[in-house]
Amino acid sequence: MSETQLNGAEIILKALADQGVEVVFGYPGGAVLPIYDALFKQNRIRHVLVRHEQGAVHMAEGYARSTGKVGVVLVTSGPGATNAVTGLTDALMDSIPIVCLTGQVPTHLIGNDAFQEADTTGITRQCTKHNYLVKEPDRLARTIHEAFVVAGTGRPGPVVIDLPKDILMGKAPYVPAARVKHRSYKPQLKGDIKQIEQAVELMGKAERPIFYIGGGVVNSGPDAAKLLTSFVRSTGFPITSTLMGLGAYPASDQQFLGMLGMHGTYEANLAMHGCDLMICIGARFDDRVTGRLDAFAPNSKKIHVDIDPSSINKNVPVDIGIVGDVAHVIEDMIRVWKAKQVRPAQKALAAWWGQIDQWKGRNSLAYKATDTIIKPQYAIQRLYEATKDRDTYITTEVGQHQMWAAQFYKFEEPNRWMTSGGLGTMGYGFPSALGVQVAHPESLVIDIAGEASFMMNLQEMGTATQYNLPVKVFILNNQYMGMVRQWQELLHGSRYSESYCEALPDFVKLADSFGWMGLTVDKPANLDDAIRAMIESDKPVLLDVHVDPSENCYPMIPSGAAHNEMLMNSEDTAGTQVSDQGMMLV
Amino acid sequence: MSVLMAQQDIRTHTIAVLVDNEAGVLARVIGLFSGRGYNIESLTVAEVDAAEHLSRITLVTSGTPMVIEQIKAQLGRLVPVRKVSDLTVEGPSVSRELALIKVVGGGEKRIESLRIADIFRANVVDSSHDSFVFEIVGKTEKLDAFIKLMEPLGLAEISRTGVAAIARGNTAL
């Protein structure tokens with residue numbers, strides 16, 4: 001034989017190295033031992049040993065989202081694979097590129113209910129962008145290269161490669177990445193130029209336009225955010241962003257109205273409701289964003305740019321749907337805008353901004369600060385002030401703290417904000433922060449957390465200690481599952497069924513037991529010092545901030561309501577009757 | 001507006017999908033339909049190009065224009081899918097379905113079933129003293145009509161292939 005034969009495990013490591021992989025997040029087990037043996041014999045690829053496979057996927061997500069690279073996960077068969085399912089689903093919903101290698105029982109045992117066997121490709125078919133079961137060693141290298149292309153291009157997403165143990169031991173020649181061409185997978189990058197011209201024409205005529213951007217801008221890469229920023233500035237139009245898009249446009253910019261949607265700002269939601277032209281770029285008209293569909297931006301024309309054709313006209317019919325990569329399409333838009341010397345309708349635009357400034361005057365994020373108890377919003381504001389001039393990455397868990405972080409932490413550039421938007425996975429933020437820290441060892445990485453979410457994956461504290469990852473967990477501790485309690489207050493007569501966390505641990509002692517620094521603070525006057533101590537430590541730190549347990553997250557579009565039916569504060573809530581239809585919504 | 005639209009205008013569409021014939025591809029398509037709540041009225045699949053490992057899936061589904069567009073876009077983004085063609089809107093097409101229909105009984109009813117089979121150009125492919133198996137080929141409506149007529153005549157069992165369809169004229173998928 002002319003070509004050198006490698007065993008399957010060696011082929012995998014060679015292929016990963018060829019794909020530029022630096023680090024793998026994983027957990028060993030019987031079915032993947034040959035890969036762990038091959039890992040042991042090389043020093044090109046690092047392995048981060050997690051404490052639970054869900055943590056591995058979230059770490060890979062944090063790594064991917066903060067670098068733009070594909071995150072790689074390695075888990076064993078059966079429970080290893082099933083534990084990864086939540087992370088994979090999270091990555092699918094938020095379009096995060098992940099390649100997840102799962103062990104499998106040897107091919108001759110598949111289907112026999114063997115020890116630690118699970119039908120991994122069957123289980124993960126609906127929660128991955130694509131998955132593979134490798135049945136011949138010859139297919140191995142090819143499959144891995146293909147998986148990286150599928151995961152990282154087009155609308156990114158998770159890809160599972162299921163690896164029977166005999167394939168890991170079998171021999172085959174190595175196939176380099178350059179020789180692998182996919183037969184049917186070809187995402188469309190360039191948008192249709194006629195549609196782009198029509199879109200620009202509409203922008204020139206618009207009187208009440210708004211840009212509505214999402215995570216697709218971040219996924220398109222740093223160029224997309226730069227192009228978008230320069231284009232939005234040249235139009236003078238207002239811009240709002242989804243949760244996932246934060247940072248793609250600088251939050252401090254005057255044209256930025258803040259986040260829109262269920263807990264978005266008053267001005268962003270009313271501008272969406274009143275606009276006559278909506279330019280949606282890399283967002284997907286999610287139900288958290290649109291509110292009641294039949295009252296969504298009722299008098300507007302809509303332009304939608306998305307790399308995934310199935311996102312266009314899915315929830316909301318649009319007038320111009322442009323399939324393409326955000327950076328490519330905006331580049332063309334800028335070119336057409338300049339070539340046609342489009343001048344926006346200045347007078348109408350000035351009136352539109354006058355209206356928006358009035359809405360801004362409502363100061364919808366206002367809250368009542370006190371000097372006796374720490375308001376969660378205040379905690380995030382102080383955290384922002386203390387960290388804004390540093391090289392900082394923020395992750396969050398899911399719930400009230402997540403919304404407050406989105407409202408009060410201002411992101412100036414993309415890839416700095418990692419949160420679970422689509423799936424809403426409690427327990428995402430902490431492992432995600434570890435993945436970010438692995439990718440950016442010198443940066444300040446903070447998980448803004450709730451105590452309930454943090455408890456869902458706190459076993460990864462061991463991972464932080466083992467790899468000396470000095471992440472900061474900033475817990476807004478209100479002793480409740482705050483968002484659940486808020487909904488019970490709003491929809492279920494304040495019957496707080498099972499939303500109170502009894503028997504919380506002493507977080508300082510918990511931190512101590514893992515070799516972390518643990519701090520606690522409950523007075524507003526001491527908050528800044530505590531934050532400073534957290535930031536300045538070179539260890540992982542858990543800061544337990546005792547916040548007002550009754551604070552709710554406002555403004556809010558209640559379920560089944562429209563953008564112009566926002567609740568501004570708890571007094572607003574008193575007379576609210578949520579419709580039966582609204583009660584059914586999540 | 002869109003809620004109203006969603007209730008109107010539901011039409012049946014025949015969609016041809018050319019896919020790489022790899023493990024799990026059919027499960028992907030079916031899982032897409034069940035996961036997203038789309039209807040499958042009929043589905044046929046078989047390899048059509050052994051050298052290229054290509055299979056063709058013919059789907060009959062129904063929905064509003066917006067839902068049908070979604071179905072096509074969702075099918076199109078499955079990695080092993082090569083082409084998606086909506087035969088209902090992309091020009092004229094022919095569609096056929098085959099059914100094997102077992103009718104059990106004797107006497108007048110037995111003779112009547114044979115007479116109707118003759119009118120419908122159904123073939124007898126199996127016979128015993130008290131049963132026939134008819135083979136009938138045609139459009140879905142024709143098969144439906146034949147089956148309805150067999151009901152009072154001792155209809156015992158039906159096996160249908162589902163629809164196979166192809167565009168008329170000189171263009172190929």
# chains A, B, ... in the order shown; residues from 1 in each chain; ligands from 1
$ closest_atom_pairs --of "chain B" --to "chain A" --cutoff "8 Å" --atoms "only C-alpha atoms" --output "JSON lines"
{"residue": "B:Met1", "atom": "CA", "partner": "A:Asp294", "partner_atom": "CA", "distance": 5.5}
{"residue": "B:Ser2", "atom": "CA", "partner": "A:Asp294", "partner_atom": "CA", "distance": 6.2}
{"residue": "B:Val3", "atom": "CA", "partner": "A:Asp294", "partner_atom": "CA", "distance": 6.7}
{"residue": "B:Asp20", "atom": "CA", "partner": "A:Ser184", "partner_atom": "CA", "distance": 8.0}
{"residue": "B:Arg28", "atom": "CA", "partner": "A:Arg125", "partner_atom": "CA", "distance": 6.9}
{"residue": "B:Gly31", "atom": "CA", "partner": "A:Gln126", "partner_atom": "CA", "distance": 7.1}
{"residue": "B:Leu32", "atom": "CA", "partner": "A:Gln126", "partner_atom": "CA", "distance": 7.7}
{"residue": "B:Gly35", "atom": "CA", "partner": "A:Gln126", "partner_atom": "CA", "distance": 7.8}
{"residue": "B:Met66", "atom": "CA", "partner": "A:Asn313", "partner_atom": "CA", "distance": 6.9}
{"residue": "B:Val67", "atom": "CA", "partner": "A:Lys314", "partner_atom": "CA", "distance": 7.8}
{"residue": "B:Gln70", "atom": "CA", "partner": "A:Ser310", "partner_atom": "CA", "distance": 5.8}
{"residue": "B:Ala73", "atom": "CA", "partner": "A:Ser310", "partner_atom": "CA", "distance": 4.6}
{"residue": "B:Gln74", "atom": "CA", "partner": "A:Ser310", "partner_atom": "CA", "distance": 5.5}
{"residue": "B:Arg77", "atom": "CA", "partner": "A:Ser310", "partner_atom": "CA", "distance": 7.7}
{"residue": "B:Leu78", "atom": "CA", "partner": "A:His130", "partner_atom": "CA", "distance": 7.6}
{"residue": "B:Val79", "atom": "CA", "partner": "A:Tyr185", "partner_atom": "CA", "distance": 5.7}
{"residue": "B:Pro80", "atom": "CA", "partner": "A:Ser184", "partner_atom": "CA", "distance": 6.2}
{"residue": "B:Val81", "atom": "CA", "partner": "A:Ser184", "partner_atom": "CA", "distance": 6.5}
{"residue": "B:Arg82", "atom": "CA", "partner": "A:Ser184", "partner_atom": "CA", "distance": 5.1}
$ write_last_selection --atoms "N, CA and C atoms" --output "compact mmCIF listing (two decimals), in the first residue's frame"
# COMPACT_ATOMS: atom_id res chain seq x y z
N MET B 1 -53.56 39.62 10.68
CA MET B 1 -53.61 39.40 9.24
C MET B 1 -53.05 38.02 8.90
N SER B 2 -51.86 37.75 9.44
CA SER B 2 -51.21 36.49 9.10
C SER B 2 -51.95 35.30 9.71
N VAL B 3 -52.61 35.56 10.86
CA VAL B 3 -53.37 34.49 11.50
C VAL B 3 -54.54 34.10 10.60
N ASP B 20 -29.11 12.70 -1.37
CA ASP B 20 -28.04 11.71 -1.29
C ASP B 20 -28.58 10.52 -0.51
N ARG B 28 -34.62 11.94 8.54
CA ARG B 28 -34.46 13.39 8.60
C ARG B 28 -35.68 14.10 8.03
N GLY B 31 -38.73 13.35 10.22
CA GLY B 31 -38.57 14.07 11.48
C GLY B 31 -38.82 15.55 11.32
N LEU B 32 -38.42 16.09 10.19
CA LEU B 32 -38.68 17.51 9.89
C LEU B 32 -40.18 17.76 9.87
N GLY B 35 -41.61 17.13 13.48
CA GLY B 35 -41.10 18.13 14.42
C GLY B 35 -41.69 19.50 14.21
N MET B 66 -47.61 30.16 2.50
CA MET B 66 -46.49 30.44 3.41
C MET B 66 -45.92 29.15 4.00
N VAL B 67 -46.81 28.23 4.38
CA VAL B 67 -46.35 26.97 4.96
C VAL B 67 -45.63 26.13 3.90
N GLN B 70 -42.24 27.39 3.48
CA GLN B 70 -41.45 26.96 4.64
C GLN B 70 -40.99 25.52 4.47
N ALA B 73 -38.23 25.36 2.00
CA ALA B 73 -36.98 25.93 2.52
C ALA B 73 -36.37 25.02 3.58
N GLN B 74 -37.22 24.44 4.43
CA GLN B 74 -36.71 23.54 5.47
C GLN B 74 -36.11 22.28 4.85
N ARG B 77 -32.66 22.98 3.33
CA ARG B 77 -31.48 23.19 4.18
C ARG B 77 -31.00 21.90 4.86
N LEU B 78 -31.70 20.79 4.66
CA LEU B 78 -31.15 19.52 5.12
C LEU B 78 -29.89 19.23 4.30
N VAL B 79 -28.84 18.86 4.98
CA VAL B 79 -27.54 18.74 4.32
C VAL B 79 -27.55 17.75 3.14
N PRO B 80 -28.17 16.57 3.25
CA PRO B 80 -28.11 15.63 2.12
C PRO B 80 -29.10 15.94 0.99
N VAL B 81 -29.86 17.00 1.10
CA VAL B 81 -30.84 17.32 0.05
C VAL B 81 -30.16 18.07 -1.09
N ARG B 82 -30.35 17.54 -2.31
CA ARG B 82 -29.74 18.19 -3.47
C ARG B 82 -30.70 19.19 -4.13
$ select_by_dssp --residues "segment 165-387 of chain A" --states "strand (DSSP E)" --output "JSON, numbers by chain"
{"A": [171, 172, 173, 209, 210, 211, 212, 213, 239, 240, 241, 256, 257, 258, 259, 277, 278, 279, 280, 281, 301, 302, 303, 304, 305, 306, 320, 321, 322, 323]}
$ residues_around --residues "segment 64-73 of chain A" --least-positions-apart "3" --cutoff "7 Å" --atoms "only C-alpha atoms" --output "VMD selection string"
chain A and resid 24 to 26 56 to 57 60 to 61 96 to 101 152 221 415 to 416 418 436
$ residues_around --residues "Asp522 of chain A" --least-positions-apart "3" --cutoff "9 Å" --atoms "only C-alpha atoms" --output "list in words"
Thr372, Ile373, Ile374, Ala525, Asn526, Leu527, Asp544, Val545, His546 and Val547 of chain A
$ write_last_selection --atoms "N, CA and C atoms" --output "short mmCIF file (atom, residue, chain, number, x, y, z; two decimals), in the first residue's frame"
data_model
loop_
_atom_site.label_atom_id
_atom_site.label_comp_id
_atom_site.auth_asym_id
_atom_site.auth_seq_id
_atom_site.Cartn_x
_atom_site.Cartn_y
_atom_site.Cartn_z
N THR A 372 -30.37 50.79 51.14
CA THR A 372 -30.45 49.71 52.13
C THR A 372 -30.31 48.33 51.49
N ILE A 373 -30.80 48.21 50.27
CA ILE A 373 -30.77 46.90 49.64
C ILE A 373 -30.24 47.05 48.22
N ILE A 374 -29.50 46.06 47.75
CA ILE A 374 -28.91 46.16 46.40
C ILE A 374 -29.98 45.80 45.38
N ALA A 525 -23.50 50.07 49.67
CA ALA A 525 -22.28 50.83 49.93
C ALA A 525 -21.03 49.96 49.78
N ASN A 526 -21.18 48.66 49.94
CA ASN A 526 -20.00 47.78 49.86
C ASN A 526 -19.82 47.13 48.50
N LEU A 527 -20.77 47.40 47.61
CA LEU A 527 -20.78 46.68 46.34
C LEU A 527 -19.52 46.96 45.50
N ASP A 544 -21.21 36.53 45.64
CA ASP A 544 -22.62 36.29 45.95
C ASP A 544 -23.25 37.64 46.34
N VAL A 545 -23.96 38.23 45.40
CA VAL A 545 -24.56 39.55 45.65
C VAL A 545 -26.01 39.35 46.09
N HIS A 546 -26.30 39.69 47.32
CA HIS A 546 -27.68 39.55 47.81
C HIS A 546 -28.49 40.74 47.32
N VAL A 547 -29.41 40.47 46.45
CA VAL A 547 -30.18 41.57 45.85
C VAL A 547 -31.63 41.52 46.36
#
$ atom_distance --atom1 "atom CA of Gly30 of chain A" --atom2 "atom CA of Thr102 of chain A"
11.3 Å
$ residues_around --residues "Lys171 of chain A" --least-positions-apart "4" --cutoff "9 Å" --atoms "only C-alpha atoms" --output "count of residues only"
8
$ decode --residues "segment 37-122 of chain B" --atoms "C-alpha atoms" --output "mmCIF file, in the first residue's frame"
data_model
loop_
_atom_site.group_PDB
_atom_site.id
_atom_site.type_symbol
_atom_site.label_atom_id
_atom_site.label_comp_id
_atom_site.auth_asym_id
_atom_site.auth_seq_id
_atom_site.Cartn_x
_atom_site.Cartn_y
_atom_site.Cartn_z
ATOM 1 C CA GLY B 37 -46.103 19.976 12.526
ATOM 2 C CA TYR B 38 -46.460 19.682 8.758
ATOM 3 C CA ASN B 39 -48.776 17.147 7.125
ATOM 4 C CA ILE B 40 -47.577 14.206 5.096
ATOM 5 C CA GLU B 41 -50.414 12.864 2.950
ATOM 6 C CA SER B 42 -48.215 10.525 0.985
ATOM 7 C CA LEU B 43 -44.539 9.754 0.732
ATOM 8 C CA THR B 44 -42.625 7.493 -1.614
ATOM 9 C CA VAL B 45 -38.911 6.916 -1.772
ATOM 10 C CA ALA B 46 -36.528 4.810 -3.793
ATOM 11 C CA GLU B 47 -33.041 5.018 -5.169
ATOM 12 C CA VAL B 48 -33.061 6.447 -8.692
ATOM 13 C CA ASP B 49 -29.330 6.588 -9.450
ATOM 14 C CA ALA B 50 -27.271 3.745 -8.006
ATOM 15 C CA ALA B 51 -23.934 5.061 -9.291
ATOM 16 C CA GLU B 52 -24.466 8.525 -7.778
ATOM 17 C CA HIS B 53 -26.296 7.179 -4.705
ATOM 18 C CA LEU B 54 -29.269 9.419 -5.314
ATOM 19 C CA SER B 55 -32.766 8.766 -4.062
ATOM 20 C CA ARG B 56 -35.932 10.558 -4.971
ATOM 21 C CA ILE B 57 -38.592 11.300 -2.397
ATOM 22 C CA THR B 58 -42.027 12.314 -3.614
ATOM 23 C CA LEU B 59 -44.104 14.005 -0.940
ATOM 24 C CA VAL B 60 -47.708 15.050 -1.014
ATOM 25 C CA THR B 61 -48.440 17.669 1.620
ATOM 26 C CA SER B 62 -50.897 20.469 2.207
ATOM 27 C CA GLY B 63 -50.690 23.973 3.606
ATOM 28 C CA THR B 64 -51.047 27.676 2.980
ATOM 29 C CA PRO B 65 -48.621 29.218 0.463
ATOM 30 C CA MET B 66 -46.488 30.444 3.409
ATOM 31 C CA VAL B 67 -46.350 26.968 4.959
ATOM 32 C CA ILE B 68 -45.530 25.327 1.634
ATOM 33 C CA GLU B 69 -42.676 27.800 1.114
ATOM 34 C CA GLN B 70 -41.450 26.961 4.638
ATOM 35 C CA ILE B 71 -41.587 23.239 3.906
ATOM 36 C CA LYS B 72 -39.514 23.700 0.761
ATOM 37 C CA ALA B 73 -36.982 25.931 2.525
ATOM 38 C CA GLN B 74 -36.709 23.540 5.465
ATOM 39 C CA LEU B 75 -36.218 20.587 3.119
ATOM 40 C CA GLY B 76 -33.647 22.565 1.146
ATOM 41 C CA ARG B 77 -31.481 23.187 4.175
ATOM 42 C CA LEU B 78 -31.145 19.516 5.119
ATOM 43 C CA VAL B 79 -27.545 18.744 4.317
ATOM 44 C CA PRO B 80 -28.114 15.634 2.119
ATOM 45 C CA VAL B 81 -30.845 17.316 0.050
ATOM 46 C CA ARG B 82 -29.743 18.193 -3.473
ATOM 47 C CA LYS B 83 -32.876 19.624 -5.038
ATOM 48 C CA VAL B 84 -36.435 20.457 -4.075
ATOM 49 C CA SER B 85 -39.090 20.928 -6.725
ATOM 50 C CA ASP B 86 -42.734 21.866 -6.192
ATOM 51 C CA LEU B 87 -44.419 19.966 -9.016
ATOM 52 C CA THR B 88 -47.764 21.600 -8.250
ATOM 53 C CA VAL B 89 -46.606 25.116 -9.071
ATOM 54 C CA GLU B 90 -43.631 24.629 -11.365
ATOM 55 C CA GLY B 91 -45.590 23.782 -14.514
ATOM 56 C CA PRO B 92 -47.593 20.711 -15.510
ATOM 57 C CA SER B 93 -46.716 17.309 -14.129
ATOM 58 C CA VAL B 94 -47.973 13.742 -14.159
ATOM 59 C CA SER B 95 -48.550 11.755 -11.036
ATOM 60 C CA ARG B 96 -49.398 8.106 -10.534
ATOM 61 C CA GLU B 97 -50.059 5.795 -7.693
ATOM 62 C CA LEU B 98 -50.374 2.020 -7.603
ATOM 63 C CA ALA B 99 -52.642 0.070 -5.281
ATOM 64 C CA LEU B 100 -53.203 -3.611 -4.566
ATOM 65 C CA ILE B 101 -56.739 -4.139 -3.341
ATOM 66 C CA LYS B 102 -58.118 -7.355 -1.888
ATOM 67 C CA VAL B 103 -61.842 -7.999 -2.230
ATOM 68 C CA VAL B 104 -63.314 -11.034 -0.477
ATOM 69 C CA GLY B 105 -66.718 -12.586 -1.122
ATOM 70 C CA GLY B 106 -68.797 -14.505 -3.617
ATOM 71 C CA GLY B 107 -71.900 -14.377 -5.732
ATOM 72 C CA GLU B 108 -73.221 -11.177 -7.309
ATOM 73 C CA LYS B 109 -70.773 -8.980 -5.406
ATOM 74 C CA ARG B 110 -67.808 -10.911 -6.772
ATOM 75 C CA ILE B 111 -69.032 -10.466 -10.327
ATOM 76 C CA GLU B 112 -69.804 -6.806 -9.752
ATOM 77 C CA SER B 113 -66.289 -6.139 -8.410
ATOM 78 C CA LEU B 114 -64.785 -7.719 -11.496
ATOM 79 C CA ARG B 115 -67.019 -5.614 -13.753
ATOM 80 C CA ILE B 116 -65.996 -2.372 -12.010
ATOM 81 C CA ALA B 117 -62.337 -3.415 -12.121
ATOM 82 C CA ASP B 118 -62.715 -3.779 -15.853
ATOM 83 C CA ILE B 119 -64.140 -0.253 -16.164
ATOM 84 C CA PHE B 120 -61.239 1.143 -14.121
ATOM 85 C CA ARG B 121 -58.695 -0.921 -16.077
ATOM 86 C CA ALA B 122 -57.603 -2.640 -12.887
#
